[in-house]
file data-v4.cif (mmCIF, C-alpha atoms)
data_model
#
loop_
_atom_site.group_PDB
_atom_site.id
_atom_site.type_symbol
_atom_site.label_atom_id
_atom_site.label_comp_id
_atom_site.auth_asym_id
_atom_site.auth_seq_id
_atom_site.Cartn_x
_atom_site.Cartn_y
_atom_site.Cartn_z
ATOM 1 C CA MET H 1 100.763 79.261 -49.280
ATOM 2 C CA ILE H 2 103.992 77.888 -50.699
ATOM 3 C CA THR H 3 105.893 79.094 -53.742
ATOM 4 C CA LEU H 4 106.505 76.406 -56.357
ATOM 5 C CA LEU H 5 109.253 76.799 -58.973
ATOM 6 C CA TYR H 6 109.920 74.676 -62.054
ATOM 7 C CA PHE H 7 113.061 74.870 -64.170
ATOM 8 C CA ALA H 8 114.443 73.985 -67.587
ATOM 9 C CA ARG H 9 112.837 71.084 -69.469
ATOM 10 C CA LEU H 10 110.263 70.629 -66.702
ATOM 11 C CA ARG H 11 109.258 74.312 -66.853
ATOM 12 C CA GLU H 12 108.688 74.030 -70.613
ATOM 13 C CA ALA H 13 106.743 70.776 -70.327
ATOM 14 C CA LEU H 14 104.444 72.143 -67.606
ATOM 15 C CA GLY H 15 104.054 75.506 -69.324
ATOM 16 C CA THR H 16 104.770 77.415 -66.114
ATOM 17 C CA GLY H 17 107.798 78.415 -64.090
ATOM 18 C CA GLN H 18 106.185 79.554 -60.861
ATOM 19 C CA GLU H 19 102.943 79.299 -58.908
ATOM 20 C CA GLN H 20 101.532 79.849 -55.436
ATOM 21 C CA LEU H 21 99.809 76.872 -53.834
ATOM 22 C CA ALA H 22 97.771 76.515 -50.662
ATOM 23 C CA LEU H 23 99.069 73.308 -49.092
ATOM 24 C CA PRO H 24 96.201 70.798 -48.947
ATOM 25 C CA THR H 25 95.560 69.061 -45.643
ATOM 26 C CA GLY H 26 97.849 66.065 -45.229
ATOM 27 C CA VAL H 27 100.446 67.283 -47.716
ATOM 28 C CA ASN H 28 103.351 67.958 -45.380
ATOM 29 C CA ASN H 29 106.429 66.640 -47.141
ATOM 30 C CA LEU H 30 108.090 66.748 -50.554
ATOM 31 C CA GLY H 31 106.988 63.260 -51.604
ATOM 32 C CA ALA H 32 103.353 63.975 -50.749
ATOM 33 C CA LEU H 33 103.537 67.309 -52.578
ATOM 34 C CA ARG H 34 104.878 65.648 -55.725
ATOM 35 C CA ALA H 35 102.092 63.028 -55.578
ATOM 36 C CA HIS H 36 99.544 65.815 -55.123
ATOM 37 C CA LEU H 37 100.852 67.638 -58.211
ATOM 38 C CA ALA H 38 100.789 64.394 -60.231
ATOM 39 C CA GLN H 39 97.060 64.101 -59.459
ATOM 40 C CA ARG H 40 96.416 67.168 -61.626
ATOM 41 C CA GLY H 41 96.590 64.721 -64.528
ATOM 42 C CA ASP H 42 97.727 65.219 -68.124
ATOM 43 C CA VAL H 43 101.249 66.569 -68.373
ATOM 44 C CA TRP H 44 101.466 66.839 -64.565
ATOM 45 C CA ALA H 45 100.822 63.109 -64.184
ATOM 46 C CA VAL H 46 103.540 62.402 -66.755
ATOM 47 C CA GLU H 47 106.197 64.799 -65.450
ATOM 48 C CA MET H 48 105.622 64.262 -61.714
ATOM 49 C CA ALA H 49 105.295 60.462 -61.981
ATOM 50 C CA ALA H 50 107.356 58.568 -59.409
ATOM 51 C CA GLY H 51 109.553 57.035 -62.124
ATOM 52 C CA ARG H 52 110.631 60.406 -63.513
ATOM 53 C CA ASN H 53 114.179 61.450 -62.684
ATOM 54 C CA LEU H 54 113.440 64.766 -60.955
ATOM 55 C CA ARG H 55 115.379 66.662 -58.310
ATOM 56 C CA ALA H 56 113.854 68.968 -55.754
ATOM 57 C CA ALA H 57 114.878 71.672 -53.315
ATOM 58 C CA VAL H 58 113.146 73.132 -50.282
ATOM 59 C CA ASN H 59 114.160 76.713 -49.487
ATOM 60 C CA GLN H 60 117.048 76.412 -51.963
ATOM 61 C CA THR H 61 118.570 73.286 -50.409
ATOM 62 C CA VAL H 62 118.470 69.947 -52.256
ATOM 63 C CA ALA H 63 115.936 67.728 -50.512
ATOM 64 C CA THR H 64 114.745 64.121 -50.410
ATOM 65 C CA PRO H 65 111.043 63.065 -50.476
ATOM 66 C CA ASP H 66 110.839 62.891 -46.679
ATOM 67 C CA MET H 67 111.788 66.576 -46.303
ATOM 68 C CA ALA H 68 109.044 68.535 -44.517
ATOM 69 C CA VAL H 69 107.180 71.207 -46.470
ATOM 70 C CA ALA H 70 105.279 73.934 -44.632
ATOM 71 C CA ASP H 71 103.507 77.219 -45.268
ATOM 72 C CA GLY H 72 105.863 79.911 -46.538
ATOM 73 C CA ASP H 73 108.376 77.500 -48.049
ATOM 74 C CA GLU H 74 109.910 77.830 -51.517
ATOM 75 C CA VAL H 75 109.859 74.447 -53.239
ATOM 76 C CA ALA H 76 111.542 73.808 -56.586
ATOM 77 C CA PHE H 77 111.378 70.818 -58.931
ATOM 78 C CA PHE H 78 113.921 70.422 -61.724
ATOM 79 C CA PRO H 79 115.725 67.893 -63.951
ATOM 80 C CA PRO H 80 119.251 66.687 -63.072
ATOM 81 C CA VAL H 81 121.629 69.636 -63.468
ATOM 82 C CA THR H 82 123.861 70.125 -66.523
ATOM 83 C CA GLY H 83 126.006 73.210 -65.893
ATOM 84 C CA GLY H 84 129.747 73.694 -66.081
ATOM 85 C CA MET P 1 136.097 83.596 -51.794
ATOM 86 C CA SER P 2 133.761 84.811 -54.473
ATOM 87 C CA VAL P 3 130.927 83.461 -56.630
ATOM 88 C CA ARG P 4 129.462 85.314 -59.599
ATOM 89 C CA VAL P 5 126.664 84.267 -61.956
ATOM 90 C CA GLN P 6 126.534 86.649 -64.902
ATOM 91 C CA GLN P 7 125.739 87.070 -68.581
ATOM 92 C CA GLU P 8 128.946 88.967 -69.317
ATOM 93 C CA ASP P 9 132.191 87.324 -70.411
ATOM 94 C CA PHE P 10 135.154 87.158 -68.015
ATOM 95 C CA ASP P 11 138.894 87.847 -68.233
ATOM 96 C CA ILE P 12 140.970 85.143 -66.558
ATOM 97 C CA SER P 13 144.147 87.263 -66.547
ATOM 98 C CA ALA P 14 142.465 90.128 -64.756
ATOM 99 C CA GLU P 15 140.852 87.776 -62.224
ATOM 100 C CA ILE P 16 144.126 85.974 -61.445
ATOM 101 C CA ALA P 17 145.998 89.272 -61.176
ATOM 102 C CA ALA P 18 143.411 90.606 -58.718
ATOM 103 C CA MET P 19 143.640 87.441 -56.611
ATOM 104 C CA ARG P 20 147.463 87.522 -56.598
ATOM 105 C CA ARG P 21 147.589 91.177 -55.584
ATOM 106 C CA GLY P 22 145.337 90.533 -52.625
ATOM 107 C CA ASN P 23 147.479 87.962 -50.809
ATOM 108 C CA PRO P 24 151.302 87.607 -50.700
ATOM 109 C CA LYS P 25 150.974 84.143 -49.085
ATOM 110 C CA ILE P 26 149.759 82.697 -52.394
ATOM 111 C CA GLY P 27 152.356 80.420 -53.997
ATOM 112 C CA ALA P 28 150.189 78.519 -56.494
ATOM 113 C CA ILE P 29 147.125 79.312 -58.580
ATOM 114 C CA ALA P 30 145.206 76.663 -60.540
ATOM 115 C CA SER P 31 142.409 77.535 -62.932
ATOM 116 C CA PHE P 32 139.847 75.890 -65.189
ATOM 117 C CA VAL P 33 137.845 77.383 -68.062
ATOM 118 C CA GLY P 34 134.867 75.572 -69.602
ATOM 119 C CA VAL P 35 134.101 76.437 -73.235
ATOM 120 C CA VAL P 36 131.100 75.876 -75.555
ATOM 121 C CA ARG P 37 131.871 73.173 -78.145
ATOM 122 C CA ASP P 38 130.413 73.192 -81.671
ATOM 123 C CA ILE P 39 129.550 69.470 -81.546
ATOM 124 C CA ASN P 40 127.707 67.563 -78.816
ATOM 125 C CA ASP P 41 126.504 63.961 -79.053
ATOM 126 C CA GLY P 42 127.278 64.009 -82.785
ATOM 127 C CA ASP P 43 125.203 67.079 -83.679
ATOM 128 C CA SER P 44 126.430 70.551 -84.498
ATOM 129 C CA VAL P 45 125.545 73.172 -81.895
ATOM 130 C CA LYS P 46 124.609 76.653 -83.121
ATOM 131 C CA THR P 47 123.929 78.253 -79.752
ATOM 132 C CA MET P 48 123.536 77.172 -76.155
ATOM 133 C CA THR P 49 121.310 78.791 -73.538
ATOM 134 C CA LEU P 50 122.071 78.384 -69.847
ATOM 135 C CA GLU P 51 119.276 78.626 -67.290
ATOM 136 C CA HIS P 52 119.833 78.740 -63.530
ATOM 137 C CA TYR P 53 118.000 78.954 -60.222
ATOM 138 C CA PRO P 54 118.821 82.458 -58.919
ATOM 139 C CA GLY P 55 119.785 82.380 -55.267
ATOM 140 C CA MET P 56 120.179 78.629 -54.951
ATOM 141 C CA THR P 57 122.923 78.567 -57.582
ATOM 142 C CA GLU P 58 125.134 80.999 -55.677
ATOM 143 C CA LYS P 59 124.360 79.193 -52.418
ATOM 144 C CA ALA P 60 125.233 75.761 -53.875
ATOM 145 C CA ILE P 61 128.562 76.967 -55.308
ATOM 146 C CA THR P 62 129.449 78.720 -52.048
ATOM 147 C CA GLU P 63 128.819 75.425 -50.221
ATOM 148 C CA ILE P 64 131.031 73.550 -52.705
ATOM 149 C CA ILE P 65 133.869 76.027 -52.115
ATOM 150 C CA GLY P 66 133.327 75.546 -48.380
ATOM 151 C CA GLN P 67 133.727 71.777 -48.786
ATOM 152 C CA ALA P 68 136.931 72.302 -50.758
ATOM 153 C CA ARG P 69 138.290 74.515 -47.973
ATOM 154 C CA GLY P 70 137.589 71.707 -45.520
ATOM 155 C CA ARG P 71 139.736 69.288 -47.532
ATOM 156 C CA TRP P 72 142.609 71.410 -48.814
ATOM 157 C CA GLU P 73 144.426 74.603 -48.006
ATOM 158 C CA VAL P 74 142.528 77.183 -50.036
ATOM 159 C CA LEU P 75 143.736 80.753 -49.600
ATOM 160 C CA ASP P 76 141.253 82.145 -52.107
ATOM 161 C CA ALA P 77 138.777 80.837 -54.660
ATOM 162 C CA LEU P 78 136.677 82.363 -57.408
ATOM 163 C CA VAL P 79 133.896 80.811 -59.487
ATOM 164 C CA ILE P 80 132.266 82.696 -62.357
ATOM 165 C CA HIS P 81 129.490 80.945 -64.294
ATOM 166 C CA ARG P 82 127.791 82.554 -67.261
ATOM 167 C CA VAL P 83 124.069 82.298 -68.055
ATOM 168 C CA GLY P 84 122.028 83.304 -71.087
ATOM 169 C CA THR P 85 122.756 82.497 -74.711
ATOM 170 C CA LEU P 86 126.301 81.524 -75.719
ATOM 171 C CA GLN P 87 127.960 80.353 -78.922
ATOM 172 C CA PRO P 88 130.694 77.840 -79.721
ATOM 173 C CA THR P 89 134.124 79.072 -78.554
ATOM 174 C CA ASP P 90 132.478 81.230 -75.823
ATOM 175 C CA GLN P 91 133.662 80.773 -72.248
ATOM 176 C CA ILE P 92 131.052 79.261 -69.881
ATOM 177 C CA VAL P 93 132.680 78.801 -66.497
ATOM 178 C CA LEU P 94 135.829 79.871 -64.644
ATOM 179 C CA VAL P 95 137.259 78.325 -61.483
ATOM 180 C CA ILE P 96 140.389 79.785 -59.868
ATOM 181 C CA VAL P 97 141.906 78.408 -56.674
ATOM 182 C CA ALA P 98 144.899 79.875 -54.844
ATOM 183 C CA SER P 99 146.965 78.004 -52.301
ATOM 184 C CA THR P 100 150.462 77.942 -50.852
ATOM 185 C CA HIS P 101 151.514 74.985 -53.017
ATOM 186 C CA ARG P 102 150.306 73.481 -56.278
ATOM 187 C CA GLY P 103 148.964 70.176 -54.968
ATOM 188 C CA ASP P 104 146.142 71.751 -53.003
ATOM 189 C CA ALA P 105 145.381 74.267 -55.752
ATOM 190 C CA PHE P 106 145.094 71.565 -58.471
ATOM 191 C CA ALA P 107 142.992 69.226 -56.316
ATOM 192 C CA ALA P 108 140.609 71.880 -55.002
ATOM 193 C CA CYS P 109 140.086 73.323 -58.482
ATOM 194 C CA GLU P 110 139.162 69.920 -59.935
ATOM 195 C CA PHE P 111 136.947 69.094 -56.949
ATOM 196 C CA ILE P 112 135.019 72.365 -57.244
ATOM 197 C CA MET P 113 134.464 71.772 -60.952
ATOM 198 C CA ASP P 114 133.352 68.135 -60.489
ATOM 199 C CA TYR P 115 130.892 69.111 -57.771
ATOM 200 C CA LEU P 116 129.625 72.150 -59.664
ATOM 201 C CA LYS P 117 128.744 69.906 -62.641
ATOM 202 C CA THR P 118 126.563 67.642 -60.507
ATOM 203 C CA GLN P 119 125.270 69.927 -57.712
ATOM 204 C CA ALA P 120 124.869 73.498 -58.934
ATOM 205 C CA PRO P 121 121.439 74.208 -60.480
ATOM 206 C CA PHE P 122 122.270 75.122 -64.083
ATOM 207 C CA TRP P 123 120.670 73.615 -67.183
ATOM 208 C CA LYS P 124 121.907 73.771 -70.777
ATOM 209 C CA LYS P 125 119.681 73.914 -73.817
ATOM 210 C CA GLU P 126 121.335 73.478 -77.203
ATOM 211 C CA ILE P 127 120.037 74.748 -80.521
ATOM 212 C CA THR P 128 121.025 72.293 -83.267
ATOM 213 C CA PRO P 129 119.873 72.095 -86.910
ATOM 214 C CA GLN P 130 117.140 69.718 -85.619
ATOM 215 C CA GLY P 131 115.855 72.335 -83.133
ATOM 216 C CA GLY P 132 116.226 72.949 -79.423
ATOM 217 C CA ARG P 133 117.026 70.192 -76.938
ATOM 218 C CA TRP P 134 117.836 70.110 -73.232
ATOM 219 C CA VAL P 135 121.184 68.499 -72.493
ATOM 220 C CA ASP P 136 120.926 65.268 -70.498
ATOM 221 C CA ALA P 137 122.937 64.807 -67.324
ATOM 222 C CA ARG P 138 125.932 62.531 -67.873
ATOM 223 C CA VAL P 139 126.756 59.435 -65.852
ATOM 224 C CA THR P 140 130.452 60.272 -66.327
ATOM 225 C CA ASP P 141 129.907 63.547 -64.448
ATOM 226 C CA ASP P 142 128.319 61.692 -61.518
ATOM 227 C CA LYS P 143 131.261 59.267 -61.487
ATOM 228 C CA ALA P 144 133.744 62.160 -61.546
ATOM 229 C CA ALA P 145 132.115 63.686 -58.463
ATOM 230 C CA GLN P 146 131.786 60.343 -56.658
ATOM 231 C CA ARG P 147 135.496 59.553 -56.887
ATOM 232 C CA TRP P 148 136.174 62.263 -54.309
ATOM 233 C CA GLY P 149 134.244 60.204 -51.739
ATOM 234 C CA LYS P 150 132.559 61.694 -48.734
#
call {"tool": "encode", "arguments": {"input": "data-v4.cif", "output": "structure tokens"}}
result
Amino acid sequence: MITLLYFARLREALGTGQEQLALPTGVNNLGALRAHLAQRGDVWAVEMAAGRNLRAAVNQTVATPDMAVADGDEVAFFPPVTGG
Amino acid sequence: MSVRVQQEDFDISAEIAAMRRGNPKIGAIASFVGVVRDINDGDSVKTMTLEHYPGMTEKAITEIIGQARGRWEVLDALVIHRVGTLQPTDQIVLVIVASTHRGDAFAACEFIMDYLKTQAPFWKKEITPQGGRWVDARVTDDKAAQRWGK
């Protein structure tokens, strides 16, 4: 299982901030995970679409789509940050 | 070096005094305070709510301070960032950097702030008369961070 976190506008659009997911076979990096989530359709297809400007982190470190994802990881998706 | 994410307000005088007392080598202290404005992108702002990613936020800011220490002489640094619901005129963020001389203190303070704006996982939601809206990231903030180079 991995822990998935969603923040800010994305959290509101998806209607959830956190879930546990059993990694499907073949989903072993961030890009593949995002594509897998997009396949849920509806709002997931919209928000996780490749053209959407989303950032991601694996175990609380900003990550690119080729970053490996494995059982036990904490993976977060979020919009570009706007603090300060 | 210290990073705090909190709902409570902060007192810049008390924080600077505490930093000064701790280290007689300090010869210069630069600080920055970010404040909630009542107008953004032409609309009046009633309140602003700040969301963050607990754990990663503190880690990201600590890394930014570490990068600043690699570039300039930083004797001490403090970042306080508030979360929760704030109103115009409220303080949002405090950066304090202490060094031997002013040049390093000014530069490191600005660097930390520029990087915090583009790297630290915070998100602002404004309540305007038209309703709630998430603030969009600004290209000018990316440019401000990029000018420091690698």
call {"tool": "interface_residues", "arguments": {"input": "data-v4.cif", "of": "chain P", "to": "chain H", "cutoff": "9 Å", "atoms": "only C-alpha atoms", "output": "MDAnalysis selection string"}}
result
chainID P and resid 34:35 50:53 55:57 59:60 81 92:94 113:114 116:125 133:138
call {"tool": "resolve_selection", "arguments": {"input": "data-v4.cif", "expression": "the PyMOL selection byres ((chain H and resi 48) around 8)", "output": "PyMOL selection string"}}
result
chain H and resi 34-35+37-38+44-47+49-50+52+54
call {"tool": "atom_distance", "arguments": {"input": "data-v4.cif", "atom1": "atom CA of P:Met1", "atom2": "atom CA of P:Val36"}}
result
25.5 Å
call {"tool": "resolve_selection", "arguments": {"input": "data-v4.cif", "expression": "the PyMOL selection byres ((chain H and resi 31) around 8)", "output": "PyMOL selection string"}}
result
chain H and resi 29-30+32-35+64-67
call {"tool": "resolve_selection", "arguments": {"input": "data-v4.cif", "expression": "the PyMOL selection byres ((chain P and resi 65-76) around 12)", "output": "ChimeraX atom specification"}}
result
/P:1-3,15-16,18-31,58-64,77-79,95-116,119-120,148-150
call {"tool": "atom_distance", "arguments": {"input": "data-v4.cif", "atom1": "atom CA of H:Val27", "atom2": "atom CA of H:Arg11"}}
result
22.2 Å
call {"tool": "atom_distance", "arguments": {"input": "data-v4.cif", "atom1": "atom CA of P:Asp43", "atom2": "atom CA of P:Pro88"}}
result
12.7 Å
call {"tool": "closest_residue", "arguments": {"input": "data-v4.cif", "among": "H:Asp42, H:Asn28, H:Met1, H:Val58", "to": "H:Val75", "atoms": "all atoms listed in the file"}}
result
H:Val58
call {"tool": "closest_residue", "arguments": {"input": "data-v4.cif", "among": "P:Val139, P:Val45, P:Ala17, P:Val33", "to": "P:Arg82", "atoms": "only C-alpha atoms"}}
result
P:Val33
call {"tool": "axis_aligned_box", "arguments": {"input": "data-v4.cif", "around": "stretch 115-122 of chain P", "padding_each_side": "4 Å", "output": "lines of an AutoDock Vina configuration file"}}
result
center_x = 126.2
center_y = 71.4
center_z = -60.9
size_x = 17.5
size_y = 15.5
size_z = 14.4
call {"tool": "residues_around", "arguments": {"input": "data-v4.cif", "residues": "P:Ser44", "least_positions_apart": "6", "cutoff": "9 Å", "atoms": "all atoms listed in the file", "output": "short mmCIF file (atom, residue, chain, number, x, y, z; two decimals) with C-alpha atoms, keeping the file's coordinate frame"}}
result
data_model
loop_
_atom_site.label_atom_id
_atom_site.label_comp_id
_atom_site.auth_asym_id
_atom_site.auth_seq_id
_atom_site.Cartn_x
_atom_site.Cartn_y
_atom_site.Cartn_z
CA ARG P 37 131.87 73.17 -78.14
CA ASP P 38 130.41 73.19 -81.67
CA ILE P 127 120.04 74.75 -80.52
CA THR P 128 121.02 72.29 -83.27
CA PRO P 129 119.87 72.10 -86.91
#
